[in-house]
>>> print(open('input_13.csv').read())   # CSV, C-alpha atoms
chain,number,residue,atom,x,y,z
A,1,HIS,CA,0.0,0.0,0.0
A,2,CYS,CA,2.8,2.4,0.9
A,3,TYR,CA,4.5,1.6,-2.5
A,4,SER,CA,1.3,2.4,-4.3
A,5,MET,CA,1.2,5.8,-2.5
A,6,LYS,CA,4.9,6.3,-3.5
A,7,ARG,CA,5.9,6.5,0.1
A,8,SER,CA,9.4,5.3,0.8
A,9,VAL,CA,9.2,2.4,3.3
A,10,HIS,CA,11.9,-0.1,4.3
A,11,VAL,CA,11.1,-3.5,5.9
A,12,VAL,CA,13.2,-5.0,8.6
A,13,ASN,CA,12.7,-8.7,9.4
A,14,LEU,CA,13.3,-9.7,13.0
A,15,ASP,CA,11.6,-13.1,12.6
A,16,PRO,CA,14.3,-15.8,12.5
A,17,ALA,CA,11.6,-18.4,11.5
A,18,ALA,CA,10.4,-16.5,8.4
A,19,GLU,CA,10.7,-18.4,5.2
A,20,VAL,CA,8.8,-16.7,2.3
A,21,PHE,CA,8.6,-13.0,1.6
A,22,LYS,CA,6.7,-11.1,-1.1
A,23,TYR,CA,9.4,-8.4,-0.7
A,24,LYS,CA,13.1,-8.2,0.0
A,25,PRO,CA,13.9,-7.1,3.6
A,26,ALA,CA,16.3,-4.2,3.9
A,27,VAL,CA,17.6,-5.9,7.1
A,28,ASP,CA,17.2,-9.6,7.9
A,29,ILE,CA,17.9,-11.2,11.2
A,30,ARG,CA,18.5,-14.4,9.4
A,31,ASP,CA,21.8,-12.9,8.2
A,32,LEU,CA,22.8,-13.0,11.8
A,33,ILE,CA,21.1,-16.2,13.0
A,34,SER,CA,18.2,-18.3,11.8
A,35,LEU,CA,15.8,-20.5,13.7
A,36,GLU,CA,17.1,-23.6,12.0
A,37,ASP,CA,20.7,-22.8,13.0
A,38,ALA,CA,19.7,-22.3,16.6
A,39,MET,CA,17.7,-25.6,16.7
A,40,ASP,CA,20.6,-27.6,15.2
A,41,ALA,CA,23.3,-26.0,17.3
A,42,MET,CA,21.5,-26.0,20.7
A,43,SER,CA,19.2,-29.0,20.2
A,44,PHE,CA,16.2,-26.7,21.0
A,45,GLY,CA,12.6,-27.1,19.8
A,46,PRO,CA,10.9,-24.3,17.8
A,47,ASN,CA,9.9,-22.2,20.8
A,48,GLY,CA,13.2,-22.5,22.6
A,49,GLY,CA,15.1,-21.8,19.4
A,50,LEU,CA,13.1,-18.7,18.6
A,51,ILE,CA,13.7,-17.3,22.1
A,52,PHE,CA,17.4,-18.1,21.8
A,53,CYS,CA,17.6,-16.2,18.4
A,54,MET,CA,16.0,-13.1,19.9
A,55,GLU,CA,18.2,-13.2,22.9
A,56,TYR,CA,21.2,-13.6,20.6
A,57,LEU,CA,20.1,-10.4,18.8
A,58,THR,CA,20.1,-8.5,22.0
A,59,GLN,CA,23.6,-9.7,22.7
A,60,ASN,CA,24.7,-8.5,19.3
A,61,PHE,CA,23.1,-5.0,19.1
A,62,SER,CA,26.2,-3.7,17.4
A,63,TRP,CA,25.3,-5.8,14.3
A,64,PHE,CA,21.7,-4.4,14.4
A,65,GLU,CA,23.0,-0.8,14.8
A,66,GLU,CA,25.4,-1.1,11.8
A,67,GLN,CA,22.5,-2.4,9.7
A,68,ILE,CA,19.9,0.3,10.6
A,69,VAL,CA,21.4,3.5,12.0
A,70,GLY,CA,21.9,6.2,9.4
A,71,SER,CA,20.8,3.9,6.5
A,72,PHE,CA,17.3,5.1,5.8
A,73,GLY,CA,17.1,8.8,6.6
A,74,GLU,CA,13.6,10.0,7.5
A,75,ASP,CA,11.9,7.1,5.8
A,76,TYR,CA,9.4,4.7,7.5
A,77,ILE,CA,10.9,1.5,8.8
A,78,LEU,CA,8.5,-1.4,9.3
A,79,ILE,CA,9.9,-4.0,11.7
A,80,ASP,CA,8.3,-7.4,11.3
A,81,CYS,CA,8.6,-9.3,14.6
A,82,PRO,CA,7.9,-12.9,15.6
A,83,GLY,CA,4.4,-13.7,16.8
A,84,GLN,CA,5.3,-15.7,19.9
A,85,ILE,CA,3.5,-14.1,22.8
A,86,GLU,CA,6.2,-14.8,25.4
A,87,LEU,CA,8.5,-12.3,23.7
A,88,TYR,CA,6.0,-9.5,24.5
A,89,ILE,CA,4.4,-10.3,27.8
A,90,HIS,CA,7.1,-11.8,30.1
A,91,LEU,CA,10.4,-11.7,28.3
A,92,PRO,CA,12.3,-8.4,28.0
A,93,VAL,CA,13.7,-9.1,24.6
A,94,LEU,CA,11.6,-6.9,22.4
A,95,LYS,CA,11.4,-4.2,25.0
A,96,ASN,CA,15.2,-4.1,24.9
A,97,VAL,CA,15.0,-3.7,21.1
A,98,THR,CA,12.5,-0.8,21.2
A,99,GLN,CA,14.5,0.9,23.9
A,100,LYS,CA,17.6,0.7,21.7
A,101,LEU,CA,15.7,2.1,18.8
A,102,GLU,CA,14.6,5.1,20.9
A,103,LYS,CA,18.1,5.6,22.1
A,104,TRP,CA,19.3,5.7,18.5
A,105,GLY,CA,16.8,8.5,17.8
A,106,TYR,CA,13.9,6.6,16.3
A,107,ARG,CA,10.2,7.2,17.2
A,108,VAL,CA,8.6,3.9,17.8
A,109,VAL,CA,5.0,2.8,17.7
A,110,VAL,CA,3.8,-0.8,18.2
A,111,VAL,CA,1.1,-2.2,15.9
A,112,CYS,CA,-0.3,-5.4,17.4
A,113,LEU,CA,-1.9,-7.7,14.8
A,114,MET,CA,-4.6,-10.0,16.3
A,115,ASP,CA,-5.7,-12.8,14.1
A,116,SER,CA,-9.4,-12.8,13.3
A,117,MET,CA,-9.5,-16.4,14.6
A,118,PHE,CA,-9.5,-14.8,18.0
A,119,ILE,CA,-13.2,-13.9,17.6
A,120,THR,CA,-14.1,-17.5,16.8
A,121,SER,CA,-13.9,-20.6,19.0
A,122,PRO,CA,-11.9,-23.2,17.0
A,123,SER,CA,-10.1,-24.5,20.1
A,124,LYS,CA,-13.3,-25.9,21.5
A,125,PHE,CA,-13.7,-28.3,18.5
A,126,VAL,CA,-11.1,-30.8,19.7
A,127,THR,CA,-12.3,-30.9,23.3
A,128,GLN,CA,-16.0,-31.1,22.3
A,129,LYS,CA,-15.1,-34.1,20.0
A,130,LEU,CA,-13.3,-35.8,22.9
A,131,GLU,CA,-16.3,-35.3,25.2
A,132,LYS,CA,-18.6,-36.6,22.5
A,133,TRP,CA,-16.5,-39.8,22.2
A,134,GLY,CA,-16.9,-40.4,26.0
A,135,TYR,CA,-13.7,-38.9,27.3
A,136,ARG,CA,-13.5,-36.7,30.4
A,137,VAL,CA,-11.4,-33.7,29.7
A,138,VAL,CA,-9.5,-31.4,32.1
A,139,VAL,CA,-7.2,-28.6,30.9
A,140,VAL,CA,-3.8,-28.3,32.6
A,141,CYS,CA,-2.4,-24.9,31.8
A,142,LEU,CA,1.4,-24.5,32.4
A,143,MET,CA,2.5,-21.0,33.2
A,144,ASP,CA,6.2,-20.3,33.3
A,145,SER,CA,7.5,-19.3,36.7
A,146,MET,CA,9.0,-16.2,35.0
A,147,PHE,CA,5.4,-14.8,35.3
A,148,ILE,CA,5.9,-14.3,39.0
A,149,THR,CA,9.1,-12.3,38.9
A,150,SER,CA,7.1,-9.0,38.8
A,151,PRO,CA,3.6,-7.8,39.5
A,152,SER,CA,2.9,-6.9,35.9
A,153,LYS,CA,3.9,-10.3,34.6
A,154,PHE,CA,1.8,-12.0,37.3
A,155,ILE,CA,-1.3,-10.1,36.4
A,156,SER,CA,-0.6,-10.7,32.7
A,157,GLY,CA,-0.2,-14.4,33.2
A,158,THR,CA,-3.3,-14.6,35.4
A,159,LEU,CA,-5.4,-12.8,32.7
A,160,SER,CA,-4.0,-15.2,30.1
A,161,ALA,CA,-5.1,-18.2,32.2
A,162,LEU,CA,-8.5,-16.6,32.7
A,163,SER,CA,-8.9,-16.1,29.0
A,164,ALA,CA,-8.1,-19.8,28.3
A,165,MET,CA,-10.6,-20.8,30.9
A,166,MET,CA,-13.3,-18.8,29.2
A,167,GLN,CA,-12.4,-20.0,25.8
A,168,LEU,CA,-12.4,-23.7,26.6
A,169,ALA,CA,-15.1,-23.9,29.3
A,170,LEU,CA,-13.7,-27.0,30.9
A,171,PRO,CA,-12.3,-28.0,34.3
A,172,HIS,CA,-9.1,-26.0,34.4
A,173,ILE,CA,-5.9,-26.5,36.5
A,174,ASN,CA,-3.3,-23.7,36.4
A,175,VAL,CA,0.2,-25.0,37.1
A,176,LEU,CA,3.2,-22.7,37.7
A,177,SER,CA,6.0,-24.6,36.0
A,178,LYS,CA,9.8,-24.5,36.4
A,179,CYS,CA,9.6,-23.5,40.1
A,180,ASP,CA,12.8,-25.3,40.7
A,181,LEU,CA,14.5,-22.5,38.6
A,182,LEU,CA,13.3,-19.7,40.9
A,183,PRO,CA,16.3,-18.1,42.7
A,184,ASP,CA,14.4,-17.8,46.0
A,185,LYS,CA,11.5,-20.1,45.6
A,186,LYS,CA,9.9,-19.9,49.0
A,187,LYS,CA,10.0,-16.1,49.2
A,188,THR,CA,8.7,-15.6,45.6
A,189,LEU,CA,5.9,-18.1,46.0
A,190,ASP,CA,4.9,-16.6,49.3
A,191,ARG,CA,4.7,-13.2,47.7
A,192,PHE,CA,2.5,-14.2,44.8
A,193,PHE,CA,0.4,-17.1,46.1
A,194,ASN,CA,-2.6,-15.7,47.9
A,195,PRO,CA,-1.1,-12.2,47.7
A,196,PRO,CA,-2.5,-9.1,49.2
A,197,MET,CA,-3.6,-7.5,46.0
A,198,GLY,CA,-3.2,-4.0,47.5
A,199,GLN,CA,0.5,-4.5,47.8
A,200,LEU,CA,0.8,-6.0,44.3
A,201,LEU,CA,-1.2,-3.0,42.9
A,202,HIS,CA,1.1,-0.6,44.8
A,203,ASP,CA,4.2,-2.3,43.3
A,204,LEU,CA,2.6,-2.4,39.8
A,205,ASN,CA,1.8,1.3,39.9
A,206,LYS,CA,5.4,2.1,40.8
A,207,ASP,CA,6.5,0.5,37.6
A,208,SER,CA,4.0,2.1,35.3
A,209,ILE,CA,3.1,5.6,34.2
A,210,GLY,CA,0.2,7.5,35.8
A,211,LYS,CA,-2.3,7.0,33.0
A,212,PHE,CA,-2.3,3.3,33.5
A,213,HIS,CA,-3.1,3.4,37.3
A,214,LYS,CA,-6.8,3.2,36.8
A,215,LEU,CA,-6.4,0.3,34.4
A,216,ASN,CA,-4.2,-1.5,36.9
A,217,GLU,CA,-6.9,-1.0,39.6
A,218,ALA,CA,-9.6,-2.4,37.3
A,219,LEU,CA,-7.5,-5.5,36.3
A,220,SER,CA,-6.7,-6.1,40.0
A,221,GLU,CA,-10.3,-5.9,40.9
A,222,LEU,CA,-11.3,-8.3,38.1
A,223,ILE,CA,-8.8,-10.9,39.3
A,224,THR,CA,-9.8,-10.6,43.0
A,225,SER,CA,-13.5,-10.2,42.7
A,226,TYR,CA,-14.3,-13.6,41.1
A,227,SER,CA,-11.5,-15.7,42.5
A,228,LEU,CA,-11.5,-17.9,39.4
A,229,THR,CA,-7.7,-18.4,39.1
A,230,ALA,CA,-5.3,-20.2,41.4
A,231,PHE,CA,-1.9,-21.7,40.7
A,232,ILE,CA,-0.3,-24.9,41.8
A,233,PRO,CA,3.5,-24.7,42.0
A,234,LEU,CA,5.3,-27.5,40.1
A,235,ASP,CA,8.9,-28.5,41.0
A,236,LEU,CA,10.2,-31.4,38.9
A,237,THR,CA,12.8,-32.2,41.5
A,238,GLU,CA,10.1,-32.9,44.2
A,239,THR,CA,8.0,-36.0,43.9
A,240,GLU,CA,5.3,-34.5,46.2
A,241,SER,CA,4.9,-31.6,43.8
A,242,LEU,CA,4.2,-33.9,40.8
A,243,GLU,CA,1.8,-36.0,42.9
A,244,GLN,CA,-0.1,-32.9,43.9
A,245,VAL,CA,-0.7,-31.9,40.3
A,246,LEU,CA,-1.7,-35.4,39.4
A,247,SER,CA,-4.1,-35.5,42.3
A,248,TYR,CA,-5.8,-32.3,41.2
A,249,ALA,CA,-6.2,-33.8,37.7
A,250,ASP,CA,-7.6,-37.0,39.1
A,251,HIS,CA,-10.1,-35.1,41.2
A,252,ALA,CA,-11.2,-32.9,38.3
A,253,LEU,CA,-11.7,-36.0,36.1
A,254,GLN,CA,-13.3,-38.1,38.9
A,255,TYR,CA,-10.7,-40.7,37.9
A,256,GLY,CA,-11.4,-44.1,39.3
A,257,GLU,CA,-14.9,-43.4,40.7
A,258,GLY,CA,-16.5,-45.6,38.0
A,259,GLN,CA,-14.5,-48.6,38.8
A,260,GLU,CA,-16.0,-51.7,40.5
A,261,PRO,CA,-15.0,-52.2,44.2
A,262,LYS,CA,-12.1,-54.7,44.6
A,263,GLU,CA,-12.6,-57.5,47.1
A,264,ILE,CA,-9.8,-58.6,49.3
A,265,ASP,CA,-8.3,-62.0,48.8
A,266,GLU,CA,-9.1,-63.8,52.1
A,267,LYS,CA,-6.2,-66.2,51.4
A,268,GLU,CA,-3.7,-63.4,51.7
A,269,PRO,CA,-1.8,-63.5,55.0
A,270,LEU,CA,-2.7,-60.0,56.2
A,271,GLU,CA,-2.3,-60.8,59.8
A,272,ASP,CA,1.3,-61.9,59.4
A,273,ASP,CA,2.0,-59.0,57.1
A,274,PHE,CA,0.7,-56.3,59.3
A,275,LYS,CA,1.1,-57.7,62.9
A,276,GLY,CA,2.8,-55.2,65.2
A,277,GLY,CA,1.9,-52.0,63.4
A,278,PHE,CA,3.8,-50.1,60.7
A,279,VAL,CA,7.5,-50.8,60.2
A,280,GLY,CA,9.7,-47.9,61.1
A,281,GLY,CA,8.6,-47.0,64.6
A,282,GLY,CA,6.8,-44.0,65.9
A,283,ASN,CA,3.3,-45.3,65.0
A,284,SER,CA,1.0,-46.7,67.6
A,285,GLN,CA,-1.6,-48.5,65.4
A,286,SER,CA,-2.1,-52.1,66.4
A,287,GLY,CA,-2.1,-55.0,64.0
A,288,ASP,CA,-5.9,-55.2,64.1
A,289,GLU,CA,-6.3,-51.5,63.2
A,290,VAL,CA,-3.9,-51.8,60.3
A,291,GLN,CA,-5.8,-54.8,59.0
A,292,LYS,CA,-9.0,-52.8,59.1
A,293,LEU,CA,-7.3,-50.0,57.1
A,294,ALA,CA,-6.1,-52.6,54.5
A,295,LYS,CA,-9.6,-53.9,54.1
A,296,MET,CA,-11.0,-50.3,53.6
A,297,ILE,CA,-8.4,-49.7,50.9
A,298,ALA,CA,-9.3,-52.9,49.2
A,299,LYS,CA,-13.0,-52.1,49.2
A,300,VAL,CA,-12.8,-48.7,47.8
A,301,GLY,CA,-10.2,-49.6,45.2
A,302,SER,CA,-6.5,-48.6,45.1
A,303,ASP,CA,-7.0,-45.8,42.5
A,304,ASP,CA,-9.8,-44.1,44.6
A,305,PHE,CA,-7.7,-44.4,47.7
A,306,LYS,CA,-4.7,-42.7,46.0
A,307,LYS,CA,-6.9,-39.9,44.9
>>> encode(input="input_13.csv", output="structure tokens")
Amino acid sequence: HCYSMKRSVHVVNLDPAAEVFKYKPAVDIRDLISLEDAMDAMSFGPNGGLIFCMEYLTQNFSWFEEQIVGSFGEDYILIDCPGQIELYIHLPVLKNVTQKLEKWGYRVVVVCLMDSMFITSPSKFVTQKLEKWGYRVVVVCLMDSMFITSPSKFISGTLSALSAMMQLALPHINVLSKCDLLPDKKKTLDRFFNPPMGQLLHDLNKDSIGKFHKLNEALSELITSYSLTAFIPLDLTETESLEQVLSYADHALQYGEGQEPKEIDEKEPLEDDFKGGFVGGGNSQSGDEVQKLAKMIAKVGSDDFKK
């Protein structure tokens, strides 16, 4: 459109995964690093490779400065960026890029393109089919622990989870993943789990300009008023953490409740096995009490008892 208006415009490609262009970019990040190179060299998947490429760009701003500064005069520069949402809402990569551009004297405006598919509900198609085929479905939403390193990221992640809940309309479990990577896990989790929203709002307002304060208040009220979102911390180094997430999923699915009760085999020598209480000391249960407990477990079924 700009060409048809005879306006001089230059396109900069910052998407390392781009493959086909209908135009020739004036600057192309793939001359520095491509997604394929990152995936091959680092054994990353597509998402990890894309983030690595963008972080590599921020570590090589001198290359970007040589390509762009002083090359285009007063012309428009359109910078085509990747569509991965993490780069915008909880990683500082593109924020660092825009800050550099402003430092180099450019005026920057962000144009956010939202796919029209956002106003339809295609994601329900798969889950509705699964339910039609007789499956019980629960959504387990993994949110990176990076979301709780600042109030703005926490609110952003909470709203993302709330959006997914509304879109899918299914039992929903929000899991905060990679908690083992948090530098001070207990302190950070205590701050953001069941947080006093007033304190988070105060911290959020400190990091934002005045015109956003009313918006911050409205978002905070939205999150606290309905109490629809809660997060379960997941630490892959702790078995108890994994079991907790599984137990939530079992409960949401009512897993095991449709199974037939299992009868105990009377030939099994329970008395000999359990005589004298639990092994390991410190427990006062008698052998008879333990046998009663074993019979209860057998009657309800092992899967139900675990849940």
>>> closest_residue(input="input_13.csv", among="A:Ala249, A:Leu228, A:Val97, A:Leu130", to="Ile173 of chain A", atoms="all atoms listed in the file")
A:Ala249
>>> residues_near_point(input="input_13.csv", point="(-15.6, -21.3, 28.5)", cutoff="12 Å", atoms="only C-alpha atoms", output="tab-separated table (two decimals) with C-alpha atoms, in the frame of the given file")
chain	number	residue	atom	x	y	z
A	121	SER	CA	-13.90	-20.60	19.00
A	123	SER	CA	-10.10	-24.50	20.10
A	124	LYS	CA	-13.30	-25.90	21.50
A	127	THR	CA	-12.30	-30.90	23.30
A	128	GLN	CA	-16.00	-31.10	22.30
A	139	VAL	CA	-7.20	-28.60	30.90
A	161	ALA	CA	-5.10	-18.20	32.20
A	162	LEU	CA	-8.50	-16.60	32.70
A	163	SER	CA	-8.90	-16.10	29.00
A	164	ALA	CA	-8.10	-19.80	28.30
A	165	MET	CA	-10.60	-20.80	30.90
A	166	MET	CA	-13.30	-18.80	29.20
A	167	GLN	CA	-12.40	-20.00	25.80
A	168	LEU	CA	-12.40	-23.70	26.60
A	169	ALA	CA	-15.10	-23.90	29.30
A	170	LEU	CA	-13.70	-27.00	30.90
A	171	PRO	CA	-12.30	-28.00	34.30
A	172	HIS	CA	-9.10	-26.00	34.40
>>> closest_residue(input="input_13.csv", among="A:Thr149, A:Asn13, A:Thr229, A:Ser160", to="Pro82 of chain A", atoms="only C-alpha atoms")
A:Asn13
>>> atom_distance(input="input_13.csv", atom1="atom CA of Gln99 of chain A", atom2="atom CA of Lys206 of chain A")
19.2 Å
>>> residues_near_point(input="input_13.csv", point="(13.4, -9.9, 6.8)", cutoff="10 Å", atoms="all atoms listed in the file", output="MDAnalysis selection string")
chainID A and resid 11:21 23:31 79:81
>>> residues_around(input="input_13.csv", residues="Cys53 of chain A", least_positions_apart="6", cutoff="8 Å", atoms="only C-alpha atoms", output="compact mmCIF listing (two decimals) with C-alpha atoms, in the frame of the given file")
# COMPACT_ATOMS: atom_id res chain seq x y z
CA PRO A 16 14.30 -15.80 12.50
CA ILE A 33 21.10 -16.20 13.00
CA SER A 34 18.20 -18.30 11.80
CA LEU A 35 15.80 -20.50 13.70
CA ALA A 38 19.70 -22.30 16.60
>>> atom_distance(input="input_13.csv", atom1="atom CA of Phe192 of chain A", atom2="atom CA of Leu253 of chain A")
27.4 Å
>>> closest_residue(input="input_13.csv", among="A:Met39, A:Leu57, A:Leu236, A:Ala252", to="Val137 of chain A", atoms="only C-alpha atoms")
A:Ala252
>>> closest_residue(input="input_13.csv", among="A:Arg136, A:Ser71, A:Leu200, A:Gln59", to="Gly256 of chain A", atoms="only C-alpha atoms")
A:Arg136
>>> atom_distance(input="input_13.csv", atom1="atom CA of Leu189 of chain A", atom2="atom CA of Ile148 of chain A")
8.0 Å
